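Just below is one structure, and these are the notes that go with it.
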Amino acid sequence: MNVLIIEDEKALAAELEIFLVNYNYICEVCYNGASASEKIGVNLYDFILIDLGLPDYDGLELLKEARKSNPEAICMILTARAEVYDRIKGLDLGADDYLPKPFSLLELQSRMQAITRRKFGLKQNLVDLSGFLINLTDRTISYYNQEIGTITKKEFDLIAYLLLHKNRTLTRSQLSEHIWGSIINDDYDSNYIDAHIKNIRKKLNAYAPPDWLETVRGLGYKIKVNG
Amino acid sequence: MKLKTKLTLFNTISKLVIVTIFVMLLPVLIKSISQRYTDTRLLKQKNKLLQIIKNQGIKSYIESGESSASYYTPLKEDYVSLAVDSLPGNVDTIKNEKRKLEGDTIEYRILSHNFKEGNKKYMLEVAISVDAINETTRPFQNIAFMILLGMILLTILADQLYSNYILKPLGQIIKTKLIGHKFPNFGPYDKVKTTTSDFEYLDISIHKMIETIESTFQKEREFISNASHELMTPISILQSKIENMFEREDILDEFKTRLLEMQRILNRLKSITKTLLLISQIENEQFLKEDKIRVSELLQEVYDEISIRLQDKNISYEAVITNDCLLVNVNKFLLFNLFFNLINNAIKYNRENGSIRIFAARENNLFTISIIDTGIGISPENLPHIFDRFKKMRQSLQQDSFGLGLPIVKSIAGFHGIKVTVQSEKDKGSTFKLVFPDILIET
């Protein structure tokens with residue numbers, strides 16, 4: 001899929017590109033609004049990531065242009081601007097999603113996937129992990145047709161996030177940010193992820209040992225999927 | 001006590017004291033004045049009589065052969081008597097004495113004087129009855145009393161009116177500039193009308209102070225807002241760099257562990273920045289208050305997020321909602337964070353097997369939510385500082401926090417007009433009580 005990254009911070013644009021290329025996206029980068037406007041007018045993209053705080057261009061103008069010449073594209077706004085979340089939400093900018101800086105690259109990728117799924121109405125998203133069937137659409141886990149109802153919403157969020165980034169080690173910080181990111185509190189180094197994982201393992205163990213949910217010593221957790 | 005009340009009280013009391021003293025002295029005073037007046041009258045009469053006797057001789061009063069003669073008015077209010085004095089020595093006195101005149105004993109003010117005329121000594125007595133004197137002084141005394149009372153009442157009234165008038169600007173300054181203003185948000189400057197220069201000075205000084213405070217607050221808010229915004233982009237870049245490096249397979253686990261530490265520290269920086277930004281956004285009123293949510297629903301949402309944290313120390317949690325009500329004109333995101341932080345603190349500072357109880361009910365007609373924990377408590381000397389930013393209590397130093405949890409609570413509560421009070425006993429636990437204003441409760 002083609003992604004246009006419009007970001008005036010070159011260092012950040014470079015990291016976005018590295019990350020997305022790693023996830024098999026084809027990327028183009030613009031550092032200012034003028035060149036972005038040109039590119040939007042000429043090429044067709046699947047994703048357009050727009051930083052609202054461009055020096056030469058109003059990001060919202062760019063969004064309008066993108067909507068016109070790239071109506072199929074998924075537009076995401078990345079911003080550190082002074083607007084409060086509430087107001088941006090209320091503005092109804094016509095963007096598909098909004099990600100305030102600073103954000104985790106994993107979060108960006110998971111949002112991009114979620115929108116793709118929503119937009120193209122992909123059929124049931126099922127993953128089989130040695131007997132455990134994880135339904136990402138209905139958000140359920142079952143073991144040989146027997147639904148495991150004890151898994152909480154938070155626990156499923158964790159499994160889904162790990163599954164989305166399968167075979168990669170996710171750190172506790174990354175997992176915390178995903179499930180508690182919007183809550184503002186003054187803990188910065190909690191071990192509650194461990195407690196969640198412990199609970200998940202206990203609940204799944206009643207059916208079969210979930211060997212696919214691995215602890216990577218000293219680093220974090222990962223879900224291993226073969227093939 | 002108000003200045004006006006004090007002045008009125010002093011005014012009235014001082015005047016009443018003066019009146020009382022004067023009323024008590026009045027009879028004595030009037031008596032002595034009237035006595036002096038009577039005595040002068042008696043002396044004048046005596047001198048006149050002596051003059052007549054000198055000119056016309058004693059014969060005109062005492063027939064020869066008689067030893068005495070008295071002259072008095074029909075009602076015996078006064079009399080003059082002349083008699084041959086057989087006693088030795090000179091007499092010249094004025095005093096009160098009783099005399100018997102035709103069977104009536106009457107008290108008189110009597111002037112006695114003896115003198116020689118020819119070869120005989122005579123005693124002259126000029127007298128006015130005491131009753132007659134009193135009959136003229138009593139009305140005088142009453143009139144004096146009435147006039148005095150009237151004058152005092154008039155002056156009290158005048159003082160009262162004038163002090164009311166002159167103190168009015170002070171009352172206005174207090175009412176419009178000091179009371180009813182939510183610090184640090186003051187309204188526009190409204191000059192108080194006064195001709196008293198002291199009040200003018202006071203008014204201007206207060207206004208200048210308010211302006212200084214306001215602009216300082218404004219600057220601080222702007223600074224925090226700008227600084228945290230400016231920090232977001234570099235944090236974002238660093239975070240992306242660390243995440244990308246972490247994913248590379250050619251990096252040793254040893255270095256990945258160090259990257260992880262960097263990520264943790266960056267998270268801390270991010271948390272602090274986000275929290276400061278949130279507080280400054282609340283203080284700049286950049287949030288809307290348009291949400292509605294039931295108290296039970298809100299507490300359940302917080303519980304769902306936070307229940308995992310209860311496990312570690314095996315803390316029991318109980319929410320008793322006696323009067324569930326619908327909160328209106330609130331910001332749900334902010335209220336969620338308020339309760340999350342309060343309950344998170346109740347967990348963080350709790351003991352093993354401790355408990356957290358939440359009570360939501362109407363108390364004295366006000367909707368109140370209390371969060372009671374069995375934690376380490378707060379010592380009295382720390383209690384006034386718990387809402388200060390970056391203030392960490394000694395016992396909480398081991399905790400992974402940076403002292404912004406309660407400042408968030410305070411900002412959000414202040415934004416909604418919720419009153420927060422804390423009661424705490426060291427090693428016993430703390431109670432945080434939230435009192436909701438009526439405007440947030442749907443009736």
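Simple scheme: letters A, B, ... for chains in structure tokens order, numbers from 1 for residues in each chain, numbers from 1 for ligands in the order shown.
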
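In plain terms, chain B touches chain A through B:His229, B:Met232, B:Thr233, B:Ile235, B:Ser236, B:Ile237, B:Gln239, B:Ser240, B:Lys241, B:Asn244, B:Thr257, B:Arg264, B:Asn267, B:Arg268, B:Ser271, B:Thr275, B:Gln286, B:Phe287, B:Ile308, B:Arg309, B:Asn337, B:Asn341, B:Asp400, B:Ser401, B:Phe402, B:Gly403, B:Leu404, B:Gly405, where touching means an atom at most 7 Å away, counting only C-alpha atoms.
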
Got a sec: who's within 8 Å of Val29 in chain A, counting only C-alpha atoms, leaving out chain neighbours fewer than 6 positions off, as a VMD selection string? chain A and resid 4 to 7 13 17

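Taking CA of Lys177 in chain B as the reference point, CA of Asn284 in chain B is found at 22.0 Å.
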
Tell me which protein, DNA and RNA residues are within 12 Å of Leu75 in chain B, counting only C-alpha atoms, leaving out same-chain ones fewer than 6 positions away, and put them as a PyMOL selection string. chain B and resi 101-102+104+106+128-129+131-132

May I have the residues within 7 Å of range 52-54 of chain A as a PDB file with C-alpha atoms, in the first residue's frame, using only C-alpha atoms and disregarding those fewer than 6 positions away in the same chain?
ATOM      1  CA  ASP A   8       8.245  18.777   8.506  1.00  0.00           C
ATOM      2  CA  ASN A  32       6.502  20.870   3.439  1.00  0.00           C
ATOM      3  CA  GLY A  33       2.982  21.655   2.377  1.00  0.00           C
ATOM      4  CA  LEU A  60      -6.420  21.493   7.280  1.00  0.00           C
ATOM      5  CA  ILE A  77      -3.829  13.572  11.281  1.00  0.00           C
ATOM      6  CA  LEU A  78      -0.690  13.613  13.398  1.00  0.00           C
ATOM      7  CA  THR A  79      -0.365  16.693  15.542  1.00  0.00           C
ATOM      8  CA  ARG A  81      -0.849  21.449  18.043  1.00  0.00           C
TER       9      ARG A  81
END

DSSP-assigned strand (DSSP E or B) members of range 225-409 of chain B, reported as an MDAnalysis selection string: chainID B and resid 291:294 316:321 326:330 355:363 366:373 401

All residues 8 Å or closer to range 415-423 of chain B, only C-alpha atoms, same chain fewer than 4 positions away omitted, as a compact mmCIF listing (two decimals) with N, CA and C atoms, in the first residue's frame:
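As a result, part21.txt now contains:
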# COMPACT_ATOMS: atom_id res chain seq x y z
N ILE B 282 -6.83 22.51 31.19
CA ILE B 282 -8.00 22.66 32.08
C ILE B 282 -8.07 24.10 32.58
N GLU B 283 -6.89 24.61 33.00
CA GLU B 283 -6.88 25.97 33.55
C GLU B 283 -7.21 27.01 32.49
N GLU B 285 -9.38 26.53 30.36
CA GLU B 285 -10.77 26.21 30.03
C GLU B 285 -10.93 25.77 28.58
N VAL B 330 -20.82 18.05 32.60
CA VAL B 330 -19.48 17.61 33.01
C VAL B 330 -18.69 17.20 31.77
N LYS B 410 -7.17 18.13 41.64
CA LYS B 410 -7.55 19.47 42.05
C LYS B 410 -8.00 20.32 40.86
N SER B 411 -7.24 20.24 39.76
CA SER B 411 -7.60 21.03 38.58
C SER B 411 -8.96 20.62 38.03
N SER B 430 -6.91 7.43 54.62
CA SER B 430 -7.36 8.76 54.21
C SER B 430 -8.77 8.69 53.64
N THR B 431 -9.47 9.80 53.75
CA THR B 431 -10.79 9.92 53.14
C THR B 431 -10.79 11.16 52.26
N PHE B 432 -11.04 10.96 50.99
CA PHE B 432 -11.19 12.08 50.07
C PHE B 432 -12.68 12.25 49.80
N LYS B 433 -13.17 13.45 50.06
CA LYS B 433 -14.60 13.69 49.92
C LYS B 433 -14.83 14.71 48.81
N LEU B 434 -15.70 14.36 47.87
CA LEU B 434 -16.02 15.27 46.78
C LEU B 434 -17.46 15.75 46.96
N VAL B 435 -17.63 17.06 47.02
CA VAL B 435 -18.99 17.60 47.14
C VAL B 435 -19.35 18.26 45.81
N PHE B 436 -20.41 17.77 45.19
CA PHE B 436 -20.80 18.25 43.86
C PHE B 436 -21.76 19.42 43.96
N PRO B 437 -21.54 20.47 43.18
CA PRO B 437 -22.51 21.57 43.16
C PRO B 437 -23.80 21.11 42.46
N LEU B 440 -24.31 20.38 38.61
CA LEU B 440 -23.84 19.16 37.95
C LEU B 440 -24.80 17.99 38.12

Give the helix (DSSP H, G or I) residues of range 191-401 of chain B, as assigned by DSSP on the backbone, as an MDAnalysis selection string. chainID B and resid 197:247 253:283 295:306 308:311 332:348 383:385 394:396

Could you write out that same residue set with C-alpha atoms as a compact mmCIF listing (two decimals), in the first residue's frame?
# COMPACT_ATOMS: atom_id res chain seq x y z
CA SER B 197 -8.82 59.39 49.15
CA ASP B 198 -7.94 56.45 51.41
CA PHE B 199 -10.61 54.31 49.79
CA GLU B 200 -9.58 55.47 46.34
CA TYR B 201 -6.04 54.39 47.11
CA LEU B 202 -7.22 51.06 48.51
CA ASP B 203 -9.36 50.41 45.45
CA ILE B 204 -6.57 51.18 43.00
CA SER B 205 -4.02 49.18 44.98
CA ILE B 206 -6.25 46.12 45.10
CA HIS B 207 -6.92 46.45 41.41
CA LYS B 208 -3.22 46.71 40.61
CA MET B 209 -2.45 43.68 42.74
CA ILE B 210 -5.18 41.68 41.04
CA GLU B 211 -3.82 42.69 37.65
CA THR B 212 -0.31 41.60 38.60
CA ILE B 213 -1.54 38.28 39.92
CA GLU B 214 -3.68 37.72 36.86
CA SER B 215 -0.92 38.44 34.40
CA THR B 216 1.53 36.25 36.33
CA PHE B 217 -0.94 33.39 36.30
CA GLN B 218 -1.62 33.95 32.63
CA LYS B 219 2.09 33.91 31.85
CA GLU B 220 2.64 30.75 33.87
CA ARG B 221 -0.23 29.01 32.11
CA GLU B 222 1.00 30.11 28.69
CA PHE B 223 4.51 29.02 29.52
CA ILE B 224 3.47 25.55 30.67
CA SER B 225 1.21 25.15 27.66
CA ASN B 226 3.89 26.27 25.19
CA ALA B 227 6.68 24.34 26.86
CA SER B 228 4.76 21.09 26.95
CA HIS B 229 3.69 21.50 23.33
CA GLU B 230 7.22 22.21 22.21
CA LEU B 231 8.41 19.10 24.06
CA MET B 232 5.94 16.82 22.29
CA THR B 233 7.76 16.76 18.93
CA PRO B 234 11.24 15.90 20.25
CA ILE B 235 9.72 13.25 22.51
CA SER B 236 7.88 11.88 19.52
CA ILE B 237 11.10 11.66 17.49
CA LEU B 238 13.01 9.96 20.31
CA GLN B 239 10.21 7.50 20.91
CA SER B 240 10.07 6.53 17.22
CA LYS B 241 13.84 6.13 17.06
CA ILE B 242 13.90 3.85 20.10
CA GLU B 243 10.99 1.79 18.81
CA ASN B 244 12.62 1.33 15.40
CA MET B 245 15.96 0.36 16.93
CA PHE B 246 14.26 -2.09 19.25
CA GLU B 247 12.78 -3.93 16.26
CA ASP B 253 19.59 -8.24 23.78
CA GLU B 254 21.99 -6.46 26.11
CA PHE B 255 21.54 -3.27 24.13
CA LYS B 256 17.83 -3.86 23.84
CA THR B 257 17.59 -3.90 27.62
CA ARG B 258 19.24 -0.51 27.63
CA LEU B 259 16.90 0.73 24.93
CA LEU B 260 14.08 -0.44 27.18
CA GLU B 261 15.43 1.67 30.02
CA MET B 262 15.58 4.63 27.69
CA GLN B 263 12.01 3.96 26.68
CA ARG B 264 10.95 3.88 30.34
CA ILE B 265 12.65 7.17 31.06
CA LEU B 266 11.14 8.69 27.94
CA ASN B 267 7.75 7.46 29.12
CA ARG B 268 8.27 9.29 32.36
CA LEU B 269 9.08 12.49 30.49
CA LYS B 270 6.05 11.93 28.31
CA SER B 271 3.77 11.38 31.30
CA ILE B 272 4.96 14.53 33.03
CA THR B 273 4.60 16.59 29.86
CA LYS B 274 1.16 15.22 29.09
CA THR B 275 0.00 15.83 32.64
CA LEU B 276 1.28 19.40 32.69
CA LEU B 277 -0.36 20.01 29.34
CA LEU B 278 -3.63 18.60 30.62
CA ILE B 279 -3.55 20.80 33.72
CA SER B 280 -2.77 23.89 31.64
CA GLN B 281 -5.55 23.03 29.21
CA ILE B 282 -8.00 22.66 32.08
CA GLU B 283 -6.88 25.97 33.55
CA VAL B 295 -22.36 8.04 38.76
CA SER B 296 -22.66 4.24 38.89
CA GLU B 297 -21.62 3.98 35.24
CA LEU B 298 -18.63 6.28 35.70
CA LEU B 299 -17.40 4.41 38.76
CA GLN B 300 -17.83 1.10 36.93
CA GLU B 301 -15.73 2.34 34.01
CA VAL B 302 -12.98 3.42 36.37
CA TYR B 303 -13.19 0.10 38.18
CA ASP B 304 -12.84 -1.84 34.91
CA GLU B 305 -9.62 0.00 34.16
CA ILE B 306 -8.18 -0.14 37.60
CA ILE B 308 -6.09 -5.20 37.88
CA ARG B 309 -4.14 -2.99 40.28
CA LEU B 310 -6.10 -4.25 43.29
CA GLN B 311 -4.69 -7.78 42.89
CA LYS B 332 -16.56 12.70 31.08
CA PHE B 333 -12.90 12.29 30.11
CA LEU B 334 -11.83 14.62 32.90
CA LEU B 335 -14.12 13.12 35.54
CA PHE B 336 -12.88 9.66 34.60
CA ASN B 337 -9.32 10.86 35.19
CA LEU B 338 -10.29 12.48 38.49
CA PHE B 339 -11.69 9.21 39.88
CA PHE B 340 -8.94 7.14 38.29
CA ASN B 341 -6.28 9.19 40.06
CA LEU B 342 -8.06 9.22 43.41
CA ILE B 343 -8.68 5.47 43.37
CA ASN B 344 -5.20 4.82 41.98
CA ASN B 345 -3.75 6.71 44.92
CA ALA B 346 -5.98 4.79 47.30
CA ILE B 347 -4.45 1.60 45.86
CA LYS B 348 -0.86 2.85 45.68
CA LEU B 383 -1.76 17.65 54.51
CA PRO B 384 -1.72 21.28 53.29
CA HIS B 385 0.76 20.42 50.52
CA ARG B 394 8.62 11.11 52.08
CA GLN B 395 6.81 7.83 52.51
CA SER B 396 5.83 7.80 48.85

So which residues touch Leu50 in chain B within 12 Å, counting only C-alpha atoms, skipping near sequence neighbours fewer than 4 positions away, as a ChimeraX atom specification? /B:43-46,54-58,60-61,80,82,113-117,122-126

Excluding same-chain residues fewer than 2 positions from Tyr79 in chain B, what lies within 6 Å of it counting only C-alpha atoms, as a VMD selection string? chain B and resid 71 to 72 127

Export C-alpha atoms of the chosen residues as a short mmCIF file (atom, residue, chain, number, x, y, z; two decimals), in the first residue's frame?
data_model
loop_
_atom_site.label_atom_id
_atom_site.label_comp_id
_atom_site.auth_asym_id
_atom_site.auth_seq_id
_atom_site.Cartn_x
_atom_site.Cartn_y
_atom_site.Cartn_z
CA TYR B 71 -44.14 89.15 107.83
CA TYR B 72 -45.16 86.29 105.58
CA ALA B 127 -36.61 82.80 104.32
#

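Interatomic distance, CA of Ser176 in chain A against CA of Leu406 in chain B: 21.3 Å.
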
Wanna dump the range 358-432 of chain B-range 319-329 of chain B contacts at 6 Å for me, each residue with its shortest atom pair and the distance in Å to one decimal, counting only C-alpha atoms, ordered by chain and number, as a tab-separated table?
residue	atom	partner	partner_atom	distance
B:Ile358	CA	B:Ala319	CA	4.5
B:Phe359	CA	B:Val320	CA	4.9
B:Ala360	CA	B:Ile321	CA	4.6
B:Ala361	CA	B:Asn323	CA	4.9

For the atom pair CA of Tyr25 in chain A and CA of Tyr45 in chain A, what is the interatomic distance in Å to one decimal place?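 Result for CA of Tyr25 in chain A versus CA of Tyr45 in chain A: 11.1 Å, one decimal.
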